[in-house]
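As stored in final16.txt (compact mmCIF, N, CA and C atoms):
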# COMPACT_ATOMS: atom_id res chain seq x y z
N VAL A 1 -21.02 -13.97 1.10
CA VAL A 1 -21.02 -12.86 2.04
C VAL A 1 -20.79 -11.56 1.26
N GLN A 2 -21.49 -10.51 1.68
CA GLN A 2 -21.27 -9.18 1.10
C GLN A 2 -20.73 -8.26 2.20
N LEU A 3 -19.67 -7.58 1.88
CA LEU A 3 -19.05 -6.65 2.81
C LEU A 3 -19.21 -5.24 2.26
N GLN A 4 -19.86 -4.39 3.01
CA GLN A 4 -20.18 -3.05 2.52
C GLN A 4 -19.47 -2.00 3.37
N ALA A 5 -18.58 -1.26 2.72
CA ALA A 5 -17.91 -0.14 3.38
C ALA A 5 -18.65 1.15 3.04
N SER A 6 -18.72 2.04 3.99
CA SER A 6 -19.39 3.32 3.77
C SER A 6 -18.71 4.40 4.61
N GLY A 7 -19.06 5.64 4.34
CA GLY A 7 -18.57 6.75 5.14
C GLY A 7 -17.49 7.59 4.50
N GLY A 8 -17.10 7.23 3.29
CA GLY A 8 -16.08 8.02 2.61
C GLY A 8 -16.59 9.38 2.19
N GLY A 9 -15.70 10.17 1.64
CA GLY A 9 -16.08 11.50 1.18
C GLY A 9 -14.87 12.32 0.84
N LEU A 10 -15.12 13.60 0.65
CA LEU A 10 -14.06 14.57 0.33
C LEU A 10 -13.76 15.37 1.59
N VAL A 11 -12.49 15.43 1.93
CA VAL A 11 -12.09 16.14 3.15
C VAL A 11 -10.77 16.85 2.88
N GLN A 12 -10.56 17.95 3.57
CA GLN A 12 -9.29 18.65 3.44
C GLN A 12 -8.21 17.96 4.25
N ALA A 13 -6.98 18.15 3.85
CA ALA A 13 -5.85 17.61 4.60
C ALA A 13 -5.94 18.07 6.06
N GLY A 14 -5.67 17.14 6.96
CA GLY A 14 -5.78 17.43 8.38
C GLY A 14 -7.13 17.08 8.97
N GLY A 15 -8.09 16.79 8.12
CA GLY A 15 -9.43 16.47 8.56
C GLY A 15 -9.57 15.01 8.98
N SER A 16 -10.81 14.64 9.31
CA SER A 16 -11.11 13.30 9.79
C SER A 16 -12.31 12.71 9.07
N LEU A 17 -12.33 11.41 9.01
CA LEU A 17 -13.48 10.66 8.52
C LEU A 17 -13.59 9.38 9.33
N ARG A 18 -14.80 8.85 9.42
CA ARG A 18 -14.98 7.54 10.04
C ARG A 18 -15.70 6.64 9.05
N LEU A 19 -15.05 5.55 8.71
CA LEU A 19 -15.63 4.57 7.80
C LEU A 19 -16.30 3.47 8.62
N SER A 20 -17.33 2.89 8.02
CA SER A 20 -18.05 1.78 8.64
C SER A 20 -18.08 0.59 7.70
N CYS A 21 -18.17 -0.59 8.26
CA CYS A 21 -18.23 -1.82 7.47
C CYS A 21 -19.26 -2.74 8.10
N ARG A 22 -20.18 -3.22 7.28
CA ARG A 22 -21.16 -4.18 7.74
C ARG A 22 -21.23 -5.32 6.73
N THR A 23 -21.75 -6.43 7.20
CA THR A 23 -21.89 -7.59 6.34
C THR A 23 -23.36 -7.85 6.04
N SER A 24 -23.58 -8.59 4.98
CA SER A 24 -24.92 -9.11 4.70
C SER A 24 -24.76 -10.45 4.02
N GLY A 25 -25.79 -11.26 4.10
CA GLY A 25 -25.75 -12.56 3.46
C GLY A 25 -24.91 -13.58 4.19
N THR A 26 -24.66 -13.32 5.46
CA THR A 26 -23.87 -14.26 6.24
C THR A 26 -24.28 -14.16 7.70
N SER A 27 -23.66 -15.01 8.50
CA SER A 27 -23.99 -15.04 9.92
C SER A 27 -23.68 -13.70 10.59
N ALA A 28 -24.53 -13.37 11.56
CA ALA A 28 -24.28 -12.16 12.34
C ALA A 28 -23.00 -12.28 13.15
N GLN A 29 -22.46 -13.49 13.24
CA GLN A 29 -21.23 -13.71 14.01
C GLN A 29 -19.98 -13.55 13.16
N PHE A 30 -20.14 -13.07 11.92
CA PHE A 30 -19.02 -13.05 10.98
C PHE A 30 -17.81 -12.33 11.55
N PHE A 31 -18.04 -11.15 12.15
CA PHE A 31 -16.91 -10.39 12.69
C PHE A 31 -16.34 -11.05 13.94
N SER A 32 -17.09 -11.91 14.56
CA SER A 32 -16.61 -12.56 15.79
C SER A 32 -15.70 -13.74 15.50
N ILE A 33 -15.74 -14.24 14.27
CA ILE A 33 -14.98 -15.45 13.96
C ILE A 33 -13.92 -15.23 12.89
N ASN A 34 -13.79 -13.99 12.44
CA ASN A 34 -12.80 -13.67 11.41
C ASN A 34 -11.96 -12.47 11.82
N ASP A 35 -10.65 -12.59 11.66
CA ASP A 35 -9.80 -11.40 11.72
C ASP A 35 -10.16 -10.54 10.52
N MET A 36 -10.32 -9.25 10.76
CA MET A 36 -10.79 -8.36 9.71
C MET A 36 -9.76 -7.28 9.41
N ALA A 37 -9.91 -6.67 8.25
CA ALA A 37 -8.96 -5.64 7.84
C ALA A 37 -9.64 -4.56 7.03
N TRP A 38 -9.04 -3.41 7.07
CA TRP A 38 -9.35 -2.33 6.14
C TRP A 38 -8.23 -2.29 5.11
N TYR A 39 -8.64 -2.15 3.87
CA TYR A 39 -7.70 -2.05 2.77
C TYR A 39 -7.96 -0.73 2.03
N ARG A 40 -6.98 -0.29 1.31
CA ARG A 40 -7.21 0.84 0.43
C ARG A 40 -6.45 0.61 -0.88
N GLN A 41 -7.01 1.19 -1.91
CA GLN A 41 -6.38 1.16 -3.22
C GLN A 41 -6.28 2.58 -3.74
N ALA A 42 -5.07 3.07 -3.76
CA ALA A 42 -4.83 4.41 -4.28
C ALA A 42 -4.81 4.37 -5.80
N PRO A 43 -5.07 5.47 -6.45
CA PRO A 43 -5.06 5.49 -7.91
C PRO A 43 -3.74 4.98 -8.47
N GLY A 44 -3.83 4.00 -9.35
CA GLY A 44 -2.65 3.46 -10.01
C GLY A 44 -1.80 2.54 -9.16
N LYS A 45 -2.30 2.20 -7.97
CA LYS A 45 -1.52 1.34 -7.08
C LYS A 45 -2.30 0.08 -6.72
N GLN A 46 -1.59 -0.89 -6.18
CA GLN A 46 -2.23 -2.12 -5.74
C GLN A 46 -2.96 -1.89 -4.42
N ARG A 47 -3.95 -2.71 -4.19
CA ARG A 47 -4.68 -2.65 -2.92
C ARG A 47 -3.75 -3.10 -1.80
N GLU A 48 -3.81 -2.38 -0.68
CA GLU A 48 -2.95 -2.71 0.45
C GLU A 48 -3.78 -2.71 1.73
N SER A 49 -3.32 -3.51 2.67
CA SER A 49 -3.95 -3.52 3.99
C SER A 49 -3.43 -2.35 4.80
N VAL A 50 -4.33 -1.61 5.45
CA VAL A 50 -3.89 -0.49 6.27
C VAL A 50 -4.16 -0.72 7.76
N ALA A 51 -5.11 -1.59 8.09
CA ALA A 51 -5.42 -1.83 9.50
C ALA A 51 -6.05 -3.21 9.65
N ILE A 52 -5.65 -3.91 10.70
CA ILE A 52 -6.16 -5.24 10.99
C ILE A 52 -6.68 -5.26 12.41
N ILE A 53 -7.79 -5.95 12.62
CA ILE A 53 -8.28 -6.20 13.97
C ILE A 53 -8.60 -7.69 14.06
N THR A 54 -8.05 -8.33 15.07
CA THR A 54 -8.24 -9.76 15.21
C THR A 54 -9.49 -10.05 16.04
N VAL A 55 -9.86 -11.33 16.09
CA VAL A 55 -11.03 -11.72 16.88
C VAL A 55 -10.80 -11.43 18.35
N ALA A 56 -9.53 -11.33 18.74
CA ALA A 56 -9.19 -10.99 20.12
C ALA A 56 -9.03 -9.48 20.32
N ASP A 57 -9.43 -8.72 19.30
CA ASP A 57 -9.37 -7.25 19.35
C ASP A 57 -7.95 -6.71 19.38
N ARG A 58 -7.01 -7.47 18.90
CA ARG A 58 -5.67 -6.94 18.72
C ARG A 58 -5.63 -6.21 17.39
N THR A 59 -4.90 -5.13 17.33
CA THR A 59 -4.85 -4.32 16.12
C THR A 59 -3.43 -4.19 15.60
N ASN A 60 -3.35 -3.96 14.31
CA ASN A 60 -2.06 -3.75 13.67
C ASN A 60 -2.28 -2.78 12.52
N TYR A 61 -1.31 -1.92 12.29
CA TYR A 61 -1.47 -0.87 11.29
C TYR A 61 -0.27 -0.81 10.37
N ALA A 62 -0.54 -0.40 9.14
CA ALA A 62 0.54 -0.08 8.23
C ALA A 62 1.29 1.13 8.76
N ASP A 63 2.58 1.17 8.51
CA ASP A 63 3.39 2.27 9.02
C ASP A 63 2.85 3.63 8.55
N SER A 64 2.29 3.65 7.37
CA SER A 64 1.85 4.91 6.79
C SER A 64 0.65 5.52 7.51
N VAL A 65 -0.07 4.72 8.30
CA VAL A 65 -1.26 5.24 8.98
C VAL A 65 -1.15 5.14 10.49
N LYS A 66 -0.09 4.55 10.98
CA LYS A 66 0.07 4.32 12.42
C LYS A 66 0.02 5.66 13.17
N GLY A 67 -0.76 5.69 14.23
CA GLY A 67 -0.90 6.90 15.01
C GLY A 67 -1.99 7.83 14.50
N ARG A 68 -2.51 7.58 13.32
CA ARG A 68 -3.56 8.43 12.74
C ARG A 68 -4.88 7.68 12.57
N PHE A 69 -4.81 6.41 12.26
CA PHE A 69 -6.01 5.60 12.01
C PHE A 69 -6.23 4.65 13.20
N THR A 70 -7.50 4.40 13.48
CA THR A 70 -7.86 3.46 14.53
C THR A 70 -8.97 2.55 14.04
N VAL A 71 -8.74 1.25 14.10
CA VAL A 71 -9.76 0.26 13.72
C VAL A 71 -10.43 -0.25 14.99
N SER A 72 -11.73 -0.45 14.91
CA SER A 72 -12.48 -0.92 16.09
C SER A 72 -13.73 -1.64 15.64
N MET A 73 -14.36 -2.30 16.60
CA MET A 73 -15.64 -2.97 16.40
C MET A 73 -16.63 -2.40 17.42
N ASP A 74 -17.91 -2.41 17.08
CA ASP A 74 -18.89 -2.09 18.10
C ASP A 74 -19.00 -3.28 19.07
N SER A 75 -19.65 -3.06 20.19
CA SER A 75 -19.66 -4.08 21.24
C SER A 75 -20.36 -5.37 20.78
N ALA A 76 -21.30 -5.25 19.87
CA ALA A 76 -22.02 -6.42 19.36
C ALA A 76 -21.28 -7.10 18.21
N LYS A 77 -20.19 -6.50 17.80
CA LYS A 77 -19.40 -7.01 16.67
C LYS A 77 -20.26 -7.19 15.42
N ILE A 78 -21.04 -6.15 15.14
CA ILE A 78 -21.84 -6.12 13.92
C ILE A 78 -21.26 -5.14 12.93
N THR A 79 -20.62 -4.11 13.44
CA THR A 79 -20.07 -3.06 12.59
C THR A 79 -18.60 -2.85 12.93
N MET A 80 -17.78 -2.75 11.90
CA MET A 80 -16.36 -2.42 12.06
C MET A 80 -16.16 -0.98 11.62
N TYR A 81 -15.28 -0.29 12.29
CA TYR A 81 -15.03 1.11 12.00
C TYR A 81 -13.56 1.35 11.67
N LEU A 82 -13.33 2.42 10.93
CA LEU A 82 -11.98 2.93 10.75
C LEU A 82 -12.05 4.44 10.98
N GLN A 83 -11.53 4.88 12.10
CA GLN A 83 -11.44 6.30 12.39
C GLN A 83 -10.14 6.82 11.80
N MET A 84 -10.26 7.79 10.92
CA MET A 84 -9.10 8.32 10.22
C MET A 84 -8.95 9.79 10.59
N ASN A 85 -7.86 10.10 11.24
CA ASN A 85 -7.56 11.47 11.64
C ASN A 85 -6.31 11.97 10.94
N SER A 86 -6.13 13.26 10.98
CA SER A 86 -4.94 13.89 10.36
C SER A 86 -4.72 13.37 8.95
N LEU A 87 -5.78 13.37 8.19
CA LEU A 87 -5.72 12.82 6.84
C LEU A 87 -4.76 13.59 5.96
N LYS A 88 -4.12 12.85 5.07
CA LYS A 88 -3.15 13.41 4.14
C LYS A 88 -3.62 13.12 2.71
N PRO A 89 -3.18 13.92 1.75
CA PRO A 89 -3.56 13.64 0.35
C PRO A 89 -3.20 12.22 -0.08
N GLU A 90 -2.12 11.68 0.46
CA GLU A 90 -1.73 10.32 0.07
C GLU A 90 -2.64 9.24 0.66
N ASP A 91 -3.57 9.63 1.51
CA ASP A 91 -4.58 8.68 2.00
C ASP A 91 -5.73 8.51 1.01
N THR A 92 -5.72 9.29 -0.04
CA THR A 92 -6.76 9.21 -1.05
C THR A 92 -6.80 7.82 -1.68
N GLY A 93 -8.00 7.30 -1.85
CA GLY A 93 -8.16 6.00 -2.48
C GLY A 93 -9.53 5.43 -2.18
N VAL A 94 -9.76 4.24 -2.69
CA VAL A 94 -10.98 3.51 -2.37
C VAL A 94 -10.67 2.57 -1.21
N TYR A 95 -11.49 2.65 -0.20
CA TYR A 95 -11.29 1.85 1.01
C TYR A 95 -12.28 0.70 1.04
N TYR A 96 -11.77 -0.46 1.37
CA TYR A 96 -12.56 -1.69 1.42
C TYR A 96 -12.39 -2.35 2.79
N CYS A 97 -13.38 -3.12 3.17
CA CYS A 97 -13.22 -3.98 4.33
C CYS A 97 -13.33 -5.43 3.87
N ASN A 98 -12.61 -6.30 4.54
CA ASN A 98 -12.62 -7.71 4.18
C ASN A 98 -11.93 -8.49 5.29
N THR A 99 -11.96 -9.80 5.16
CA THR A 99 -11.21 -10.61 6.12
C THR A 99 -9.72 -10.34 5.93
N ALA A 100 -8.98 -10.59 6.96
CA ALA A 100 -7.57 -10.18 6.96
C ALA A 100 -6.69 -11.13 6.16
N TRP A 101 -7.01 -12.41 6.11
CA TRP A 101 -6.04 -13.39 5.58
C TRP A 101 -6.51 -14.09 4.32
N ARG A 102 -7.81 -14.32 4.18
CA ARG A 102 -8.34 -14.97 2.98
C ARG A 102 -9.56 -14.20 2.53
N PRO A 103 -9.34 -13.11 1.79
CA PRO A 103 -10.45 -12.20 1.48
C PRO A 103 -11.61 -12.86 0.77
N GLU A 104 -12.79 -12.45 1.18
CA GLU A 104 -14.03 -12.81 0.50
C GLU A 104 -14.14 -11.95 -0.77
N PRO A 105 -15.15 -12.20 -1.60
CA PRO A 105 -15.36 -11.31 -2.76
C PRO A 105 -15.41 -9.85 -2.33
N TRP A 106 -14.76 -9.00 -3.10
CA TRP A 106 -14.65 -7.60 -2.71
C TRP A 106 -15.95 -6.85 -2.98
N GLY A 107 -16.31 -5.99 -2.04
CA GLY A 107 -17.44 -5.10 -2.24
C GLY A 107 -17.01 -3.90 -3.06
N GLN A 108 -17.89 -2.91 -3.14
CA GLN A 108 -17.61 -1.72 -3.96
C GLN A 108 -16.60 -0.80 -3.32
N GLY A 109 -16.47 -0.83 -2.02
CA GLY A 109 -15.58 0.10 -1.35
C GLY A 109 -16.21 1.48 -1.23
N THR A 110 -15.50 2.35 -0.55
CA THR A 110 -15.96 3.72 -0.37
C THR A 110 -14.80 4.66 -0.69
N GLN A 111 -15.09 5.69 -1.46
CA GLN A 111 -14.05 6.60 -1.93
C GLN A 111 -13.70 7.62 -0.86
N VAL A 112 -12.42 7.76 -0.60
CA VAL A 112 -11.91 8.81 0.28
C VAL A 112 -10.99 9.70 -0.55
N THR A 113 -11.30 10.97 -0.55
CA THR A 113 -10.48 11.93 -1.28
C THR A 113 -10.03 13.01 -0.32
N VAL A 114 -8.72 13.18 -0.21
CA VAL A 114 -8.16 14.19 0.69
C VAL A 114 -7.50 15.26 -0.16
N SER A 115 -7.99 16.47 -0.05
CA SER A 115 -7.45 17.57 -0.83
C SER A 115 -6.38 18.31 -0.03
N SER A 116 -5.42 18.82 -0.75
CA SER A 116 -4.32 19.54 -0.09
C SER A 116 -4.65 21.00 0.11
Starting from the coordinates I provided, produce the structure as C-alpha cells.
Amino acid sequence: VQLQASGGGLVQAGGSLRLSCRTSGTSAQFFSINDMAWYRQAPGKQRESVAIITVADRTNYADSVKGRFTVSMDSAKITMYLQMNSLKPEDTGVYYCNTAWRPEPWGQGTQVTVSS
C-alpha cells in the first residue's frame, strides 16, 4: 500500500492549511477497515501521532494540537483530511498519514512550515 500526503506549504503563524491523504496499490476500502492517523516529524525530533480517526469516526488528538486541528474523512472514505488552524511555528515538520496502530511503509510526507 502507498499512502500519499499532500497539501503542505509555507504559512504564517495563525494561518491555516488542509492536508489530504489518499492511498494507492490497495483496496478502495482501506480507510474503512483501518483506524488512521496523521503523524508529524519536526526537525531533530521523533515522528509523533497528532490525530487519530477510527473506523467508527471517533477522533483523538495530541494535546499540542487539540482545538486547532481536525481530522476527517470524505463520505466515501477515499480521502482523509487534516484541517490545521491557528498554526504555530512549532507545528513545522513533515506530516505523514498512516494506519494508527501498525503503520504501513511510510510515504514521503508533506512539508509544513509555519513562519513566525
Any idea what's packed within 6.5 Å of segment 52-58 of chain A, counting all atoms listed in the file, ignoring anything in its chain fewer than 4 positions away? Could you give it as a list in words? Phe31, Ser32, Ile33, Asn34, Asp35, Met36, Ala37, Trp38, Ala62 and Val71 of chain A
Contacts of Val112 of chain A at 7 Å or less, counting only N, CA and C atoms, minus same-chain residues fewer than 6 places along, as a ChimeraX atom specification? /A:8-11,91-95
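Here atom CA of Gly15 of chain A stands at a distance of 6.2 Å from atom CA of Asn85 of chain A.
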Could you pull out the strand (DSSP E) residues of chain A, going by DSSP on the backbone, and write them as an NGL selection string? :A and (2-6 or 9-12 or 17-24 or 36-41 or 48-53 or 59-61 or 69-73 or 80-84 or 93-99 or 110-115)
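Nearest-residue note for Val114 of chain A: choosing from A:Ala28, A:Leu87, A:Leu3, A:Leu17, the minimum distance belongs to A:Leu87, counting only N, CA and C atoms.
Atom to atom, atom C of Gln108 of chain A and atom C of Ser20 of chain A stand 11.2 Å apart.
Using only C-alpha atoms, the residues found no farther than 9 Å from Tyr61 of chain A, other than those of its own chain fewer than 6 positions away, are Ser49, Val50, Ala51, Ile52, Gly67, Phe69, Thr70 and Val71 of chain A.
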As lines of an AutoDock Vina configuration file, please: the centre and edge lengths in Å, to one decimal, of an axis-aligned box enclosing every listed atom of segment 104-113 of chain A with 8 Å added on each side.
center_x = -14.0
center_y = 0.1
center_z = -1.4
size_x = 23.9
size_y = 41.8
size_z = 21.1
Could you rebuild segment 17-37 of chain A with N, CA, C and O atoms and give it back as a PDB file, keeping the file's coordinate frame?
ATOM      1  N   LEU A  17     -12.330  11.410   9.010  1.00  0.00           N
ATOM      2  CA  LEU A  17     -13.480  10.660   8.520  1.00  0.00           C
ATOM      3  C   LEU A  17     -13.590   9.380   9.330  1.00  0.00           C
ATOM      4  O   LEU A  17     -12.582   8.863   9.828  1.00  0.00           O
ATOM      5  N   ARG A  18     -14.800   8.850   9.420  1.00  0.00           N
ATOM      6  CA  ARG A  18     -14.980   7.540  10.040  1.00  0.00           C
ATOM      7  C   ARG A  18     -15.700   6.640   9.050  1.00  0.00           C
ATOM      8  O   ARG A  18     -16.818   6.929   8.611  1.00  0.00           O
ATOM      9  N   LEU A  19     -15.050   5.550   8.710  1.00  0.00           N
ATOM     10  CA  LEU A  19     -15.630   4.570   7.800  1.00  0.00           C
ATOM     11  C   LEU A  19     -16.300   3.470   8.620  1.00  0.00           C
ATOM     12  O   LEU A  19     -15.885   3.155   9.735  1.00  0.00           O
ATOM     13  N   SER A  20     -17.330   2.890   8.020  1.00  0.00           N
ATOM     14  CA  SER A  20     -18.050   1.780   8.640  1.00  0.00           C
ATOM     15  C   SER A  20     -18.080   0.590   7.700  1.00  0.00           C
ATOM     16  O   SER A  20     -18.047   0.766   6.476  1.00  0.00           O
ATOM     17  N   CYS A  21     -18.170  -0.590   8.260  1.00  0.00           N
ATOM     18  CA  CYS A  21     -18.230  -1.820   7.470  1.00  0.00           C
ATOM     19  C   CYS A  21     -19.260  -2.740   8.100  1.00  0.00           C
ATOM     20  O   CYS A  21     -19.213  -3.008   9.300  1.00  0.00           O
ATOM     21  N   ARG A  22     -20.180  -3.220   7.280  1.00  0.00           N
ATOM     22  CA  ARG A  22     -21.160  -4.180   7.740  1.00  0.00           C
ATOM     23  C   ARG A  22     -21.230  -5.320   6.730  1.00  0.00           C
ATOM     24  O   ARG A  22     -20.847  -5.175   5.579  1.00  0.00           O
ATOM     25  N   THR A  23     -21.750  -6.430   7.200  1.00  0.00           N
ATOM     26  CA  THR A  23     -21.890  -7.590   6.340  1.00  0.00           C
ATOM     27  C   THR A  23     -23.360  -7.850   6.040  1.00  0.00           C
ATOM     28  O   THR A  23     -24.244  -7.421   6.782  1.00  0.00           O
ATOM     29  N   SER A  24     -23.580  -8.590   4.980  1.00  0.00           N
ATOM     30  CA  SER A  24     -24.920  -9.110   4.700  1.00  0.00           C
ATOM     31  C   SER A  24     -24.760 -10.450   4.020  1.00  0.00           C
ATOM     32  O   SER A  24     -23.702 -10.766   3.475  1.00  0.00           O
ATOM     33  N   GLY A  25     -25.790 -11.260   4.100  1.00  0.00           N
ATOM     34  CA  GLY A  25     -25.750 -12.560   3.460  1.00  0.00           C
ATOM     35  C   GLY A  25     -24.910 -13.580   4.190  1.00  0.00           C
ATOM     36  O   GLY A  25     -24.473 -14.565   3.613  1.00  0.00           O
ATOM     37  N   THR A  26     -24.660 -13.320   5.460  1.00  0.00           N
ATOM     38  CA  THR A  26     -23.870 -14.260   6.240  1.00  0.00           C
ATOM     39  C   THR A  26     -24.280 -14.160   7.700  1.00  0.00           C
ATOM     40  O   THR A  26     -25.131 -13.353   8.069  1.00  0.00           O
ATOM     41  N   SER A  27     -23.660 -15.010   8.500  1.00  0.00           N
ATOM     42  CA  SER A  27     -23.990 -15.040   9.920  1.00  0.00           C
ATOM     43  C   SER A  27     -23.680 -13.700  10.590  1.00  0.00           C
ATOM     44  O   SER A  27     -22.725 -13.015  10.243  1.00  0.00           O
ATOM     45  N   ALA A  28     -24.530 -13.370  11.560  1.00  0.00           N
ATOM     46  CA  ALA A  28     -24.280 -12.160  12.340  1.00  0.00           C
ATOM     47  C   ALA A  28     -23.000 -12.280  13.150  1.00  0.00           C
ATOM     48  O   ALA A  28     -22.513 -11.279  13.671  1.00  0.00           O
ATOM     49  N   GLN A  29     -22.460 -13.490  13.240  1.00  0.00           N
ATOM     50  CA  GLN A  29     -21.230 -13.710  14.010  1.00  0.00           C
ATOM     51  C   GLN A  29     -19.980 -13.550  13.160  1.00  0.00           C
ATOM     52  O   GLN A  29     -18.886 -13.838  13.622  1.00  0.00           O
ATOM     53  N   PHE A  30     -20.140 -13.070  11.920  1.00  0.00           N
ATOM     54  CA  PHE A  30     -19.020 -13.050  10.980  1.00  0.00           C
ATOM     55  C   PHE A  30     -17.810 -12.330  11.550  1.00  0.00           C
ATOM     56  O   PHE A  30     -16.682 -12.799  11.469  1.00  0.00           O
ATOM     57  N   PHE A  31     -18.040 -11.150  12.150  1.00  0.00           N
ATOM     58  CA  PHE A  31     -16.910 -10.390  12.690  1.00  0.00           C
ATOM     59  C   PHE A  31     -16.340 -11.050  13.940  1.00  0.00           C
ATOM     60  O   PHE A  31     -15.220 -10.735  14.332  1.00  0.00           O
ATOM     61  N   SER A  32     -17.090 -11.910  14.560  1.00  0.00           N
ATOM     62  CA  SER A  32     -16.610 -12.560  15.790  1.00  0.00           C
ATOM     63  C   SER A  32     -15.700 -13.740  15.500  1.00  0.00           C
ATOM     64  O   SER A  32     -14.975 -14.187  16.387  1.00  0.00           O
ATOM     65  N   ILE A  33     -15.740 -14.240  14.270  1.00  0.00           N
ATOM     66  CA  ILE A  33     -14.980 -15.450  13.960  1.00  0.00           C
ATOM     67  C   ILE A  33     -13.920 -15.230  12.890  1.00  0.00           C
ATOM     68  O   ILE A  33     -13.254 -16.169  12.469  1.00  0.00           O
ATOM     69  N   ASN A  34     -13.790 -13.990  12.440  1.00  0.00           N
ATOM     70  CA  ASN A  34     -12.800 -13.670  11.410  1.00  0.00           C
ATOM     71  C   ASN A  34     -11.960 -12.470  11.820  1.00  0.00           C
ATOM     72  O   ASN A  34     -12.505 -11.442  12.247  1.00  0.00           O
ATOM     73  N   ASP A  35     -10.650 -12.590  11.660  1.00  0.00           N
ATOM     74  CA  ASP A  35      -9.800 -11.400  11.720  1.00  0.00           C
ATOM     75  C   ASP A  35     -10.160 -10.540  10.520  1.00  0.00           C
ATOM     76  O   ASP A  35     -10.280 -11.047   9.404  1.00  0.00           O
ATOM     77  N   MET A  36     -10.320  -9.250  10.760  1.00  0.00           N
ATOM     78  CA  MET A  36     -10.790  -8.360   9.710  1.00  0.00           C
ATOM     79  C   MET A  36      -9.760  -7.280   9.410  1.00  0.00           C
ATOM     80  O   MET A  36      -8.861  -7.012  10.228  1.00  0.00           O
ATOM     81  N   ALA A  37      -9.910  -6.670   8.250  1.00  0.00           N
ATOM     82  CA  ALA A  37      -8.960  -5.640   7.840  1.00  0.00           C
ATOM     83  C   ALA A  37      -9.640  -4.560   7.030  1.00  0.00           C
ATOM     84  O   ALA A  37     -10.668  -4.807   6.383  1.00  0.00           O
TER      85      ALA A  37
END
